[in-house]
Amino acid sequence: MRKIYGMLLCVLISTVSFAQNKKEKDTTTQKTVKLNEVIIVGNVKTDPTHSKVSNKYEENVVQPKNVADLFKNITGFSTIKRGNYAIDPSFRASNYEQLNVQYDGGTKAMHACPNRMDPITTHIIPEEIAKIEIIKGPYTVRYGTTFGGVINIVTKKPGVDDYGFHGNASVGYEDNGSSFSNMVALKYATKTYDLTANAGYKDFGSYEDGSDKEIPSSFRSTDYGIKFGYNFSERERIQAHWRQSFGRDVLHAALPMDTDYDNSSILSLDYKKEFENSKLKSLSTKVYYSYVDHLMTNANRPNFMMVEAASAVEATTIGGKLELKVVPNENWQFYSGLDATYIGRDGNRERLVKMMNGMPMPMPMSFTDKVWQDSNIADLGVFTEAKWFASNSTIFNFGLRYNMVISNIKDPADNFETMYDLGRRTEGNISGTVSVKKVISPDFTLEAAYGRGVRSANMIERFINHFTVGQDPYEYVGNPNLKAEVNNQFEVGFKGKKDLTNSFNKFAYSASFYYAFYENYIVGVVDESLNRLYMPMQEPRHPKVFRNMDKAYKTGFEAEMKIDFLDNFYFKTDISYVYAKNKDLNESLPLTPPLTTKLGLGFEKKTYWANATFNLVSKQDNIAETFGETYTKGYETLDIRLGLKPTKNITIGLAATNVFDQTYNDHLSFSFTNQTGFNRVPINEPGRNLTAFLQYKF
């Protein structure tokens with residue numbers, strides 16, 4: 001690991017030195033090559049099918065706790081919550097590795113904790129985010145294995161308007177939990193090179209729900225990042241990005257342990273060169289490395305008096321991508337390349353058992369449990385994607401991808417080794433897509449797509465060994481022989497806009513309808529031939545083993561509408577619904593969100609703005625009982641936000657969320673686990689929360 005750090009840092013230092021020694025050119029505005037960190041550019045003809053961008057995060061004046069909070073206002077998204085820190089995005093009932101979550105066009109950081117205390121969304125500062133790009137299904141093969149969709153989190157970088165020295169500082173406060181956050185960012189840019197540095201700190205207390213019940217959820221986190229870019233010419237650029245994040249004393253209300261520390265380090269290097277007067281238009285590369293060091297204990301839990309437990313685990317992710325863009329003529333564009341991802345995890349749980357069958361032991365006994373069993377997965381992919389401009393208004397997209405997935409377990413536990421014929425395993429997966437986009441007019445577009453997304457089992461599904469990693473209290477056992485999960489998804493949609501007259505200015509609308517059927521869907525199933533390994537007399541007695549199911553599907557829709565009126569006012573609404581079914585178990589697929597509707601009324605001017613959002617979430621009685629899900633009541637909440645720019649450099653934000661102080665829980669939230677004073681019921685969301693935010697730019 002030190003060698004990798006050294007090599008990559010040498011590249012960065014050499015590049016910085018070259019930039020400093022090179023004579024600085026005139027700083028007049030010029031064209032600079034754009035790296036492939038952005039995949040959606042706002043061009044209806046070239047953007048991926050069924051894609052969208054969510055941005056304007058500087059106007060979301062409630063500072064988010066982590067990046068996953070940014071998804072709450074995006075149509076079709078929900079969040080999987082285990083506390084106030086470990087929050088995962090969910091899209092159309094696709095979760096975890098079913099979503100290809102990355103940032104800046106490909107960089108990934110995989111979690112070390114088997115309970116996902118540290119997903120990728122905890123390793124980046126929300127205030128760094130410029131926008132979030134979404135491809136709604138397996139409708140592209142260019143950005144790695146894609147099963148349920150691509151989420152590209154794009155960080156800010158200097159543009160031609162930022163030449164010179166600039167910066168900003170921000171501070172935020174929330175009264176529910178007496179929480180505060182702050183961040184400082186500095187940047188210096190010329191047309192030859194640019195350097196950005198930022199640092200942030202958050203200290204969040206445990207919040208209270210609408211019934212004034214305190215939910216154990218406090219945490220502290222410190223983050224910093226450095227990004228350096230150098231333009232060799234108008235058509236050639238290299239960029240390095242280094243960042244670290246440090247989580248401390250994180251309480252997880254719905255997990256059996258808490259995080260003592262979570263340290264992550266991420267380094268990425270991007271290079272792109274564009275060519276003139278050639279059919280080869282560009283060459284782009286990316287390499288990245290991430291390392292997560294995580295320690296969780298039960299020191300603050302009620303079972304500590306019976307058993308002391310501490311798990312020190314680590315995860316290493318290494319990856320890269322090479323892509324060529326070829327334009328043989330004006331009707332065709334080809335994107336071909338290869339990518340690779342390596343994930344390695346290891347770590348043990350140390351237990352000191354002090355009581356047995358309710359009686360203190362005269363001599364406590366110590367045990368070592370292998371969490372990850374020193375496992376790794378390597379994924380090597382090759383792809384080709386073509387755009388055919390059949391006419392000025394009709395664009396076809398074709399994509400084909402092959403992945404070779406190699407998995408291995410180096411240090412299996414004895415009981416796991418007796419269950420399976422272990423060894424290195426190689427799989428070959430073929431995925432693809434075909435879509436068409438019809439531009440009926442500049443104001444109306446139709447889209448239709450089919451995608452076959454293939455996802456090999458993740459490391460939990462392959463190699464976890466009698467650990468409680470689900471929403472329910474079952475122990476889970478991995479299965480290294482799982483077949484790859486396949487999503488065959490069909491989708492049609494449209495989007496349009498219309499200029500209006502009189503007091504109404506503009507009307508914009510969009511809708512998507514999809515159906516997906518799964519092959520080899522992976523789910524945990526109770527195996528009565530096996531017994532619980534830890535605390536064997538405790539219910540449930542039999543663990544779950546991951547299996548493939550053949551009869552599962554989902555279908556649903558999203559629709560959005562916005563009317564601008566009286567020049568500065570707007571009204572918008574969106575609705576999303578997904579229905580999922582596992583026919584093998586005759587129940588829903590787990591973590592399927594209910595019907596959700598949002599109504600928003602707002603006012604926007606350059607120097608001040610205000611908006612109110614009314615959230616209506618229906619009950620969810622289409623549940624996965626074998627996953628431990630229970631019926632969830634519907635709820636309604638109101639959020640109000642105000643913003644003001646008294647000067648060009650200062651932004652002030654005030655907000656009140658859950659104004660009516662409702663007591664409710666989201667259907668995707670996990671249940672309290674190993675907590676004093678709480679039964680195993682879903683954790684509630686925060687009650688009324690008043691926030692203030694101040695940002696200064698220079």
# chains A, B, ... in the order shown; residues from 1 in each chain; ligands from 1

$ residues_around --residues "segment 335-342 of chain A" --least-positions-apart "6" --cutoff "8 Å" --atoms "only C-alpha atoms" --output "PyMOL selection string"
chain A and resi 142+144+316-326+376-386

$ residues_around --residues "segment 241-244 of chain A" --least-positions-apart "5" --cutoff "7 Å" --atoms "only C-alpha atoms" --output "mmCIF file with all heavy atoms, in the first residue's frame"
data_model
loop_
_atom_site.group_PDB
_atom_site.id
_atom_site.type_symbol
_atom_site.label_atom_id
_atom_site.label_comp_id
_atom_site.auth_asym_id
_atom_site.auth_seq_id
_atom_site.Cartn_x
_atom_site.Cartn_y
_atom_site.Cartn_z
ATOM 1 N N ASP A 223 -13.009 16.484 7.067
ATOM 2 C CA ASP A 223 -12.678 16.159 5.682
ATOM 3 C C ASP A 223 -11.765 17.242 5.110
ATOM 4 O O ASP A 223 -11.850 18.411 5.494
ATOM 5 C CB ASP A 223 -13.938 16.099 4.815
ATOM 6 C CG ASP A 223 -14.998 15.185 5.365
ATOM 7 O OD1 ASP A 223 -15.715 15.595 6.304
ATOM 8 O OD2 ASP A 223 -15.121 14.070 4.849
ATOM 9 N N TYR A 224 -10.912 16.831 4.191
ATOM 10 C CA TYR A 224 -10.169 17.816 3.412
ATOM 11 C C TYR A 224 -9.845 17.214 2.051
ATOM 12 O O TYR A 224 -9.823 15.989 1.869
ATOM 13 C CB TYR A 224 -8.883 18.264 4.119
ATOM 14 C CG TYR A 224 -7.734 17.294 4.015
ATOM 15 C CD1 TYR A 224 -6.808 17.376 2.976
ATOM 16 C CD2 TYR A 224 -7.570 16.280 4.963
ATOM 17 C CE1 TYR A 224 -5.761 16.485 2.879
ATOM 18 C CE2 TYR A 224 -6.525 15.388 4.870
ATOM 19 C CZ TYR A 224 -5.614 15.489 3.823
ATOM 20 O OH TYR A 224 -4.574 14.601 3.721
ATOM 21 N N GLY A 225 -9.624 18.086 1.080
ATOM 22 C CA GLY A 225 -9.300 17.615 -0.260
ATOM 23 C C GLY A 225 -8.447 18.613 -1.008
ATOM 24 O O GLY A 225 -8.501 19.822 -0.746
ATOM 25 N N ILE A 226 -7.636 18.117 -1.930
ATOM 26 C CA ILE A 226 -6.779 18.949 -2.785
ATOM 27 C C ILE A 226 -6.934 18.456 -4.218
ATOM 28 O O ILE A 226 -6.818 17.262 -4.490
ATOM 29 C CB ILE A 226 -5.294 18.870 -2.359
ATOM 30 C CG1 ILE A 226 -5.114 19.338 -0.916
ATOM 31 C CG2 ILE A 226 -4.429 19.709 -3.303
ATOM 32 C CD1 ILE A 226 -3.728 19.103 -0.371
ATOM 33 N N LYS A 227 -7.212 19.384 -5.128
ATOM 34 C CA LYS A 227 -7.369 19.037 -6.536
ATOM 35 C C LYS A 227 -6.452 19.947 -7.367
ATOM 36 O O LYS A 227 -6.486 21.166 -7.226
ATOM 37 C CB LYS A 227 -8.818 19.208 -6.976
ATOM 38 C CG LYS A 227 -9.090 18.800 -8.422
ATOM 39 C CD LYS A 227 -10.527 19.112 -8.831
ATOM 40 C CE LYS A 227 -11.508 18.237 -8.104
ATOM 41 N NZ LYS A 227 -12.895 18.442 -8.617
ATOM 42 N N PHE A 228 -5.629 19.322 -8.218
ATOM 43 C CA PHE A 228 -4.716 20.082 -9.065
ATOM 44 C C PHE A 228 -4.927 19.683 -10.517
ATOM 45 O O PHE A 228 -4.950 18.493 -10.855
ATOM 46 C CB PHE A 228 -3.259 19.827 -8.672
ATOM 47 C CG PHE A 228 -2.269 20.515 -9.576
ATOM 48 C CD1 PHE A 228 -1.995 21.859 -9.420
ATOM 49 C CD2 PHE A 228 -1.634 19.819 -10.597
ATOM 50 C CE1 PHE A 228 -1.099 22.505 -10.263
ATOM 51 C CE2 PHE A 228 -0.737 20.444 -11.444
ATOM 52 C CZ PHE A 228 -0.468 21.799 -11.273
ATOM 53 N N SER A 264 -10.824 7.339 5.645
ATOM 54 C CA SER A 264 -10.766 6.992 4.224
ATOM 55 C C SER A 264 -9.803 7.919 3.502
ATOM 56 O O SER A 264 -9.689 9.106 3.828
ATOM 57 C CB SER A 264 -12.151 7.083 3.584
ATOM 58 O OG SER A 264 -12.605 8.423 3.537
ATOM 59 N N SER A 265 -9.114 7.363 2.524
ATOM 60 C CA SER A 265 -8.190 8.115 1.671
ATOM 61 C C SER A 265 -8.487 7.756 0.219
ATOM 62 O O SER A 265 -8.599 6.570 -0.118
ATOM 63 C CB SER A 265 -6.730 7.769 1.993
ATOM 64 O OG SER A 265 -6.439 8.020 3.355
ATOM 65 N N ILE A 266 -8.618 8.774 -0.637
ATOM 66 C CA ILE A 266 -8.965 8.561 -2.042
ATOM 67 C C ILE A 266 -8.042 9.410 -2.909
ATOM 68 O O ILE A 266 -7.897 10.612 -2.671
ATOM 69 C CB ILE A 266 -10.427 8.934 -2.330
ATOM 70 C CG1 ILE A 266 -11.378 8.187 -1.392
ATOM 71 C CG2 ILE A 266 -10.783 8.650 -3.781
ATOM 72 C CD1 ILE A 266 -12.812 8.648 -1.488
ATOM 73 N N LEU A 267 -7.431 8.783 -3.889
ATOM 74 C CA LEU A 267 -6.574 9.488 -4.839
ATOM 75 C C LEU A 267 -6.993 9.101 -6.251
ATOM 76 O O LEU A 267 -7.137 7.915 -6.560
ATOM 77 C CB LEU A 267 -5.107 9.127 -4.611
ATOM 78 C CG LEU A 267 -4.093 9.780 -5.560
ATOM 79 C CD1 LEU A 267 -4.117 11.293 -5.430
ATOM 80 C CD2 LEU A 267 -2.687 9.245 -5.266
ATOM 81 N N SER A 268 -7.208 10.087 -7.103
ATOM 82 C CA SER A 268 -7.565 9.814 -8.491
ATOM 83 C C SER A 268 -6.720 10.677 -9.412
ATOM 84 O O SER A 268 -6.306 11.790 -9.052
ATOM 85 C CB SER A 268 -9.052 10.083 -8.736
ATOM 86 O OG SER A 268 -9.369 11.440 -8.505
ATOM 87 N N LEU A 269 -6.472 10.173 -10.603
ATOM 88 C CA LEU A 269 -5.682 10.874 -11.610
ATOM 89 C C LEU A 269 -6.399 10.728 -12.949
ATOM 90 O O LEU A 269 -6.668 9.613 -13.398
ATOM 91 C CB LEU A 269 -4.274 10.285 -11.691
ATOM 92 C CG LEU A 269 -3.263 11.027 -12.572
ATOM 93 C CD1 LEU A 269 -2.948 12.397 -11.982
ATOM 94 C CD2 LEU A 269 -1.977 10.209 -12.700
#

$ closest_atom_pairs --of "segment 342-406 of chain A" --to "segment 94-113 of chain A" --cutoff "10 Å" --atoms "only C-alpha atoms" --output "JSON lines"
{"residue": "A:Ile343", "atom": "CA", "partner": "A:Met110", "partner_atom": "CA", "distance": 7.5}
{"residue": "A:Gly344", "atom": "CA", "partner": "A:Ala112", "partner_atom": "CA", "distance": 9.3}
{"residue": "A:Arg345", "atom": "CA", "partner": "A:Ala112", "partner_atom": "CA", "distance": 6.8}
{"residue": "A:Asp346", "atom": "CA", "partner": "A:Ala112", "partner_atom": "CA", "distance": 8.3}
{"residue": "A:Gly347", "atom": "CA", "partner": "A:Ala112", "partner_atom": "CA", "distance": 8.9}
{"residue": "A:Val371", "atom": "CA", "partner": "A:Cys113", "partner_atom": "CA", "distance": 9.1}
{"residue": "A:Trp372", "atom": "CA", "partner": "A:Ala112", "partner_atom": "CA", "distance": 9.2}

$ write_last_selection --atoms "N, CA, C and O atoms" --output "mmCIF file, in the first residue's frame"
data_model
loop_
_atom_site.group_PDB
_atom_site.id
_atom_site.type_symbol
_atom_site.label_atom_id
_atom_site.label_comp_id
_atom_site.auth_asym_id
_atom_site.auth_seq_id
_atom_site.Cartn_x
_atom_site.Cartn_y
_atom_site.Cartn_z
ATOM 1 N N ILE A 343 -11.429 -4.940 -5.611
ATOM 2 C CA ILE A 343 -11.891 -4.678 -4.247
ATOM 3 C C ILE A 343 -11.333 -5.772 -3.347
ATOM 4 O O ILE A 343 -11.545 -6.962 -3.601
ATOM 5 N N GLY A 344 -10.618 -5.369 -2.325
ATOM 6 C CA GLY A 344 -10.093 -6.312 -1.344
ATOM 7 C C GLY A 344 -10.507 -5.898 0.051
ATOM 8 O O GLY A 344 -10.442 -4.712 0.402
ATOM 9 N N ARG A 345 -10.960 -6.864 0.843
ATOM 10 C CA ARG A 345 -11.387 -6.567 2.215
ATOM 11 C C ARG A 345 -10.836 -7.623 3.167
ATOM 12 O O ARG A 345 -10.730 -8.797 2.825
ATOM 13 N N ASP A 346 -10.542 -7.166 4.380
ATOM 14 C CA ASP A 346 -10.082 -8.087 5.417
ATOM 15 C C ASP A 346 -10.423 -7.480 6.772
ATOM 16 O O ASP A 346 -10.815 -6.305 6.864
ATOM 17 N N GLY A 347 -10.255 -8.266 7.821
ATOM 18 C CA GLY A 347 -10.514 -7.788 9.168
ATOM 19 C C GLY A 347 -11.226 -8.840 9.997
ATOM 20 O O GLY A 347 -11.878 -9.752 9.469
ATOM 21 N N VAL A 371 -14.328 -11.670 9.699
ATOM 22 C CA VAL A 371 -15.417 -10.909 9.095
ATOM 23 C C VAL A 371 -15.421 -11.078 7.578
ATOM 24 O O VAL A 371 -16.409 -11.511 6.982
ATOM 25 N N TRP A 372 -14.317 -10.735 6.932
ATOM 26 C CA TRP A 372 -14.247 -10.770 5.462
ATOM 27 C C TRP A 372 -13.474 -11.969 4.927
ATOM 28 O O TRP A 372 -13.456 -12.204 3.718
#

$ closest_residue --among "A:Asp584, A:Asp175, A:Glu350, A:Asp162" --to "Phe698 of chain A" --atoms "only C-alpha atoms"
A:Asp162

$ residues_around --residues "segment 624-629 of chain A" --least-positions-apart "3" --cutoff "6 Å" --atoms "only C-alpha atoms" --output "compact mmCIF listing (two decimals) with N, CA and C atoms, in the first residue's frame"
# COMPACT_ATOMS: atom_id res chain seq x y z
N ASP A 472 -33.30 -7.46 9.30
CA ASP A 472 -33.86 -8.38 10.28
C ASP A 472 -32.76 -8.89 11.21
N GLU A 587 -44.06 -12.32 -2.26
CA GLU A 587 -44.03 -11.07 -1.50
C GLU A 587 -43.28 -10.03 -2.32
N SER A 588 -43.24 -8.81 -1.80
CA SER A 588 -42.50 -7.75 -2.48
C SER A 588 -41.01 -8.00 -2.40
N LEU A 589 -40.27 -7.35 -3.29
CA LEU A 589 -38.82 -7.29 -3.11
C LEU A 589 -38.52 -6.36 -1.95
N PRO A 590 -37.46 -6.61 -1.20
CA PRO A 590 -37.16 -5.76 -0.05
C PRO A 590 -36.79 -4.34 -0.45

$ atom_distance --atom1 "atom CA of Ile215 of chain A" --atom2 "atom CA of Gly177 of chain A"
9.6 Å

$ atom_distance --atom1 "atom CA of Ser233 of chain A" --atom2 "atom CA of Leu35 of chain A"
13.3 Å

$ residues_around --residues "Lys187 of chain A" --least-positions-apart "5" --cutoff "6 Å" --atoms "only C-alpha atoms" --output "count of residues only"
5

$ residues_around --residues "Ser51 of chain A" --least-positions-apart "2" --cutoff "12 Å" --atoms "only C-alpha atoms" --output "ChimeraX atom specification"
/A:39-49,53-54,132-140,149-152,437,447-449,491,493-495,510-512

$ write_last_selection --atoms "N, CA, C and O atoms" --output "compact mmCIF listing (two decimals), in the first residue's frame"
# COMPACT_ATOMS: atom_id res chain seq x y z
N ILE A 39 -20.86 13.41 -17.43
CA ILE A 39 -21.39 12.51 -18.47
C ILE A 39 -22.67 13.06 -19.08
O ILE A 39 -23.14 12.55 -20.09
N ILE A 40 -23.26 14.08 -18.47
CA ILE A 40 -24.47 14.71 -18.99
C ILE A 40 -24.19 16.19 -19.15
O ILE A 40 -23.82 16.87 -18.19
N VAL A 41 -24.35 16.72 -20.35
CA VAL A 41 -23.94 18.10 -20.63
C VAL A 41 -25.11 18.99 -21.00
O VAL A 41 -24.93 20.15 -21.36
N GLY A 42 -26.34 18.48 -20.95
CA GLY A 42 -27.49 19.30 -21.28
C GLY A 42 -27.78 19.38 -22.76
O GLY A 42 -28.46 20.30 -23.21
N ASN A 43 -27.30 18.40 -23.53
CA ASN A 43 -27.55 18.35 -24.96
C ASN A 43 -28.48 17.17 -25.23
O ASN A 43 -28.11 16.01 -25.03
N VAL A 44 -29.68 17.44 -25.68
CA VAL A 44 -30.68 16.39 -25.83
C VAL A 44 -30.23 15.32 -26.82
O VAL A 44 -30.62 14.15 -26.71
N LYS A 45 -29.38 15.66 -27.79
CA LYS A 45 -28.98 14.70 -28.81
C LYS A 45 -27.81 13.81 -28.37
O LYS A 45 -27.67 12.69 -28.85
N THR A 46 -26.97 14.29 -27.48
CA THR A 46 -25.79 13.52 -27.10
C THR A 46 -25.85 12.95 -25.69
O THR A 46 -25.08 12.04 -25.36
N ASP A 47 -26.73 13.45 -24.84
CA ASP A 47 -26.83 12.92 -23.48
C ASP A 47 -27.36 11.50 -23.50
O ASP A 47 -28.13 11.13 -24.40
N PRO A 48 -27.00 10.67 -22.50
CA PRO A 48 -27.54 9.31 -22.45
C PRO A 48 -29.07 9.30 -22.36
O PRO A 48 -29.69 10.24 -21.85
N THR A 49 -29.67 8.24 -22.88
CA THR A 49 -31.12 8.09 -22.83
C THR A 49 -31.59 7.97 -21.39
O THR A 49 -30.94 7.36 -20.56
N VAL A 53 -30.22 15.64 -14.60
CA VAL A 53 -29.25 16.30 -13.73
C VAL A 53 -30.00 16.99 -12.61
O VAL A 53 -31.03 17.64 -12.84
N SER A 54 -29.52 16.85 -11.40
CA SER A 54 -30.05 17.59 -10.26
C SER A 54 -28.94 18.46 -9.72
O SER A 54 -27.85 17.99 -9.41
N ILE A 132 -25.50 16.30 -9.40
CA ILE A 132 -25.61 14.85 -9.44
C ILE A 132 -26.25 14.46 -10.76
O ILE A 132 -27.31 14.97 -11.12
N GLU A 133 -25.59 13.57 -11.49
CA GLU A 133 -26.09 13.09 -12.78
C GLU A 133 -26.63 11.67 -12.62
O GLU A 133 -26.04 10.85 -11.92
N ILE A 134 -27.75 11.41 -13.26
CA ILE A 134 -28.43 10.14 -13.10
C ILE A 134 -28.79 9.56 -14.46
O ILE A 134 -29.39 10.24 -15.29
N ILE A 135 -28.40 8.32 -14.71
CA ILE A 135 -28.92 7.53 -15.82
C ILE A 135 -29.84 6.49 -15.19
O ILE A 135 -29.42 5.70 -14.36
N LYS A 136 -31.10 6.48 -15.58
CA LYS A 136 -32.15 5.82 -14.81
C LYS A 136 -32.19 4.30 -14.92
O LYS A 136 -33.02 3.66 -14.26
N GLY A 137 -31.37 3.72 -15.73
CA GLY A 137 -31.36 2.26 -15.87
C GLY A 137 -30.09 1.80 -16.55
O GLY A 137 -29.15 2.58 -16.74
N PRO A 138 -30.03 0.53 -16.97
CA PRO A 138 -28.83 -0.01 -17.63
C PRO A 138 -28.78 0.39 -19.10
O PRO A 138 -28.70 -0.47 -19.99
N TYR A 139 -28.80 1.71 -19.35
CA TYR A 139 -28.91 2.22 -20.72
C TYR A 139 -27.59 2.77 -21.24
O TYR A 139 -27.58 3.53 -22.21
N THR A 140 -26.50 2.42 -20.60
CA THR A 140 -25.17 2.74 -21.10
C THR A 140 -24.22 1.67 -20.61
O THR A 140 -24.46 1.05 -19.56
N GLY A 149 -28.88 1.49 -12.59
CA GLY A 149 -28.70 2.89 -12.94
C GLY A 149 -27.33 3.39 -12.54
O GLY A 149 -26.61 2.76 -11.77
N VAL A 150 -26.97 4.55 -13.10
CA VAL A 150 -25.69 5.19 -12.81
C VAL A 150 -25.95 6.48 -12.03
O VAL A 150 -26.84 7.27 -12.39
N ILE A 151 -25.20 6.68 -10.96
CA ILE A 151 -25.24 7.93 -10.20
C ILE A 151 -23.83 8.50 -10.21
O ILE A 151 -22.90 7.93 -9.62
N ASN A 152 -23.66 9.62 -10.88
CA ASN A 152 -22.36 10.28 -10.98
C ASN A 152 -22.40 11.56 -10.16
O ASN A 152 -23.13 12.50 -10.50
N LYS A 437 -33.94 7.91 -29.46
CA LYS A 437 -34.40 9.21 -28.99
C LYS A 437 -34.93 9.97 -30.20
O LYS A 437 -34.24 10.12 -31.21
N GLU A 447 -38.34 9.12 -25.81
CA GLU A 447 -37.23 8.21 -25.59
C GLU A 447 -37.77 6.80 -25.32
O GLU A 447 -38.78 6.64 -24.64
N ALA A 448 -37.08 5.81 -25.84
CA ALA A 448 -37.41 4.42 -25.55
C ALA A 448 -36.10 3.64 -25.45
O ALA A 448 -35.16 3.88 -26.23
N ALA A 449 -36.03 2.71 -24.50
CA ALA A 449 -34.77 2.00 -24.29
C ALA A 449 -35.01 0.61 -23.73
O ALA A 449 -36.01 0.36 -23.04
N GLU A 491 -38.05 0.82 -20.95
CA GLU A 491 -38.54 2.12 -20.48
C GLU A 491 -38.90 3.01 -21.66
O GLU A 491 -38.19 3.04 -22.68
N GLY A 493 -40.38 7.15 -22.31
CA GLY A 493 -40.58 8.41 -21.62
C GLY A 493 -40.63 9.58 -22.58
O GLY A 493 -40.33 9.45 -23.77
N PHE A 494 -41.01 10.70 -22.04
CA PHE A 494 -41.05 11.92 -22.83
C PHE A 494 -40.78 13.11 -21.92
O PHE A 494 -40.95 13.04 -20.70
N LYS A 495 -40.33 14.19 -22.52
CA LYS A 495 -40.13 15.43 -21.79
C LYS A 495 -40.33 16.58 -22.75
O LYS A 495 -40.03 16.48 -23.96
N SER A 510 -42.35 16.08 -17.75
CA SER A 510 -41.65 14.86 -18.17
C SER A 510 -42.29 13.67 -17.47
O SER A 510 -42.92 13.81 -16.41
N ALA A 511 -42.10 12.50 -18.06
CA ALA A 511 -42.61 11.26 -17.46
C ALA A 511 -41.84 10.08 -18.01
O ALA A 511 -41.36 10.10 -19.15
N SER A 512 -41.71 9.05 -17.18
CA SER A 512 -41.05 7.81 -17.57
C SER A 512 -41.86 6.63 -17.04
O SER A 512 -42.37 6.69 -15.90

$ atom_distance --atom1 "atom CA of Asn548 of chain A" --atom2 "atom CA of Val405 of chain A"
17.7 Å

$ decode --residues "segment 637-662 of chain A" --atoms "C-alpha atoms" --output "mmCIF file, in the first residue's frame"
data_model
loop_
_atom_site.group_PDB
_atom_site.id
_atom_site.type_symbol
_atom_site.label_atom_id
_atom_site.label_comp_id
_atom_site.auth_asym_id
_atom_site.auth_seq_id
_atom_site.Cartn_x
_atom_site.Cartn_y
_atom_site.Cartn_z
ATOM 1 C CA THR A 637 -44.525 16.879 6.060
ATOM 2 C CA LEU A 638 -43.917 20.501 5.155
ATOM 3 C CA ASP A 639 -40.495 22.089 4.576
ATOM 4 C CA ILE A 640 -39.902 25.841 4.178
ATOM 5 C CA ARG A 641 -36.667 27.417 2.944
ATOM 6 C CA LEU A 642 -35.596 31.042 2.603
ATOM 7 C CA GLY A 643 -32.476 32.486 0.988
ATOM 8 C CA LEU A 644 -30.971 35.956 0.824
ATOM 9 C CA LYS A 645 -27.927 37.552 -0.822
ATOM 10 C CA PRO A 646 -27.508 40.919 0.916
ATOM 11 C CA THR A 647 -24.277 41.467 -1.021
ATOM 12 C CA LYS A 648 -22.585 39.786 -3.974
ATOM 13 C CA ASN A 649 -20.340 37.803 -1.638
ATOM 14 C CA ILE A 650 -22.718 36.730 1.138
ATOM 15 C CA THR A 651 -25.477 34.117 1.088
ATOM 16 C CA ILE A 652 -27.797 33.532 4.044
ATOM 17 C CA GLY A 653 -30.166 30.596 4.276
ATOM 18 C CA LEU A 654 -32.902 29.799 6.799
ATOM 19 C CA ALA A 655 -35.075 26.704 6.822
ATOM 20 C CA ALA A 656 -37.639 24.806 8.819
ATOM 21 C CA THR A 657 -38.085 21.139 7.962
ATOM 22 C CA ASN A 658 -40.949 18.996 9.246
ATOM 23 C CA VAL A 659 -42.676 22.219 10.264
ATOM 24 C CA PHE A 660 -45.617 20.443 11.915
ATOM 25 C CA ASP A 661 -43.284 18.263 14.033
ATOM 26 C CA GLN A 662 -44.678 14.977 12.712
#
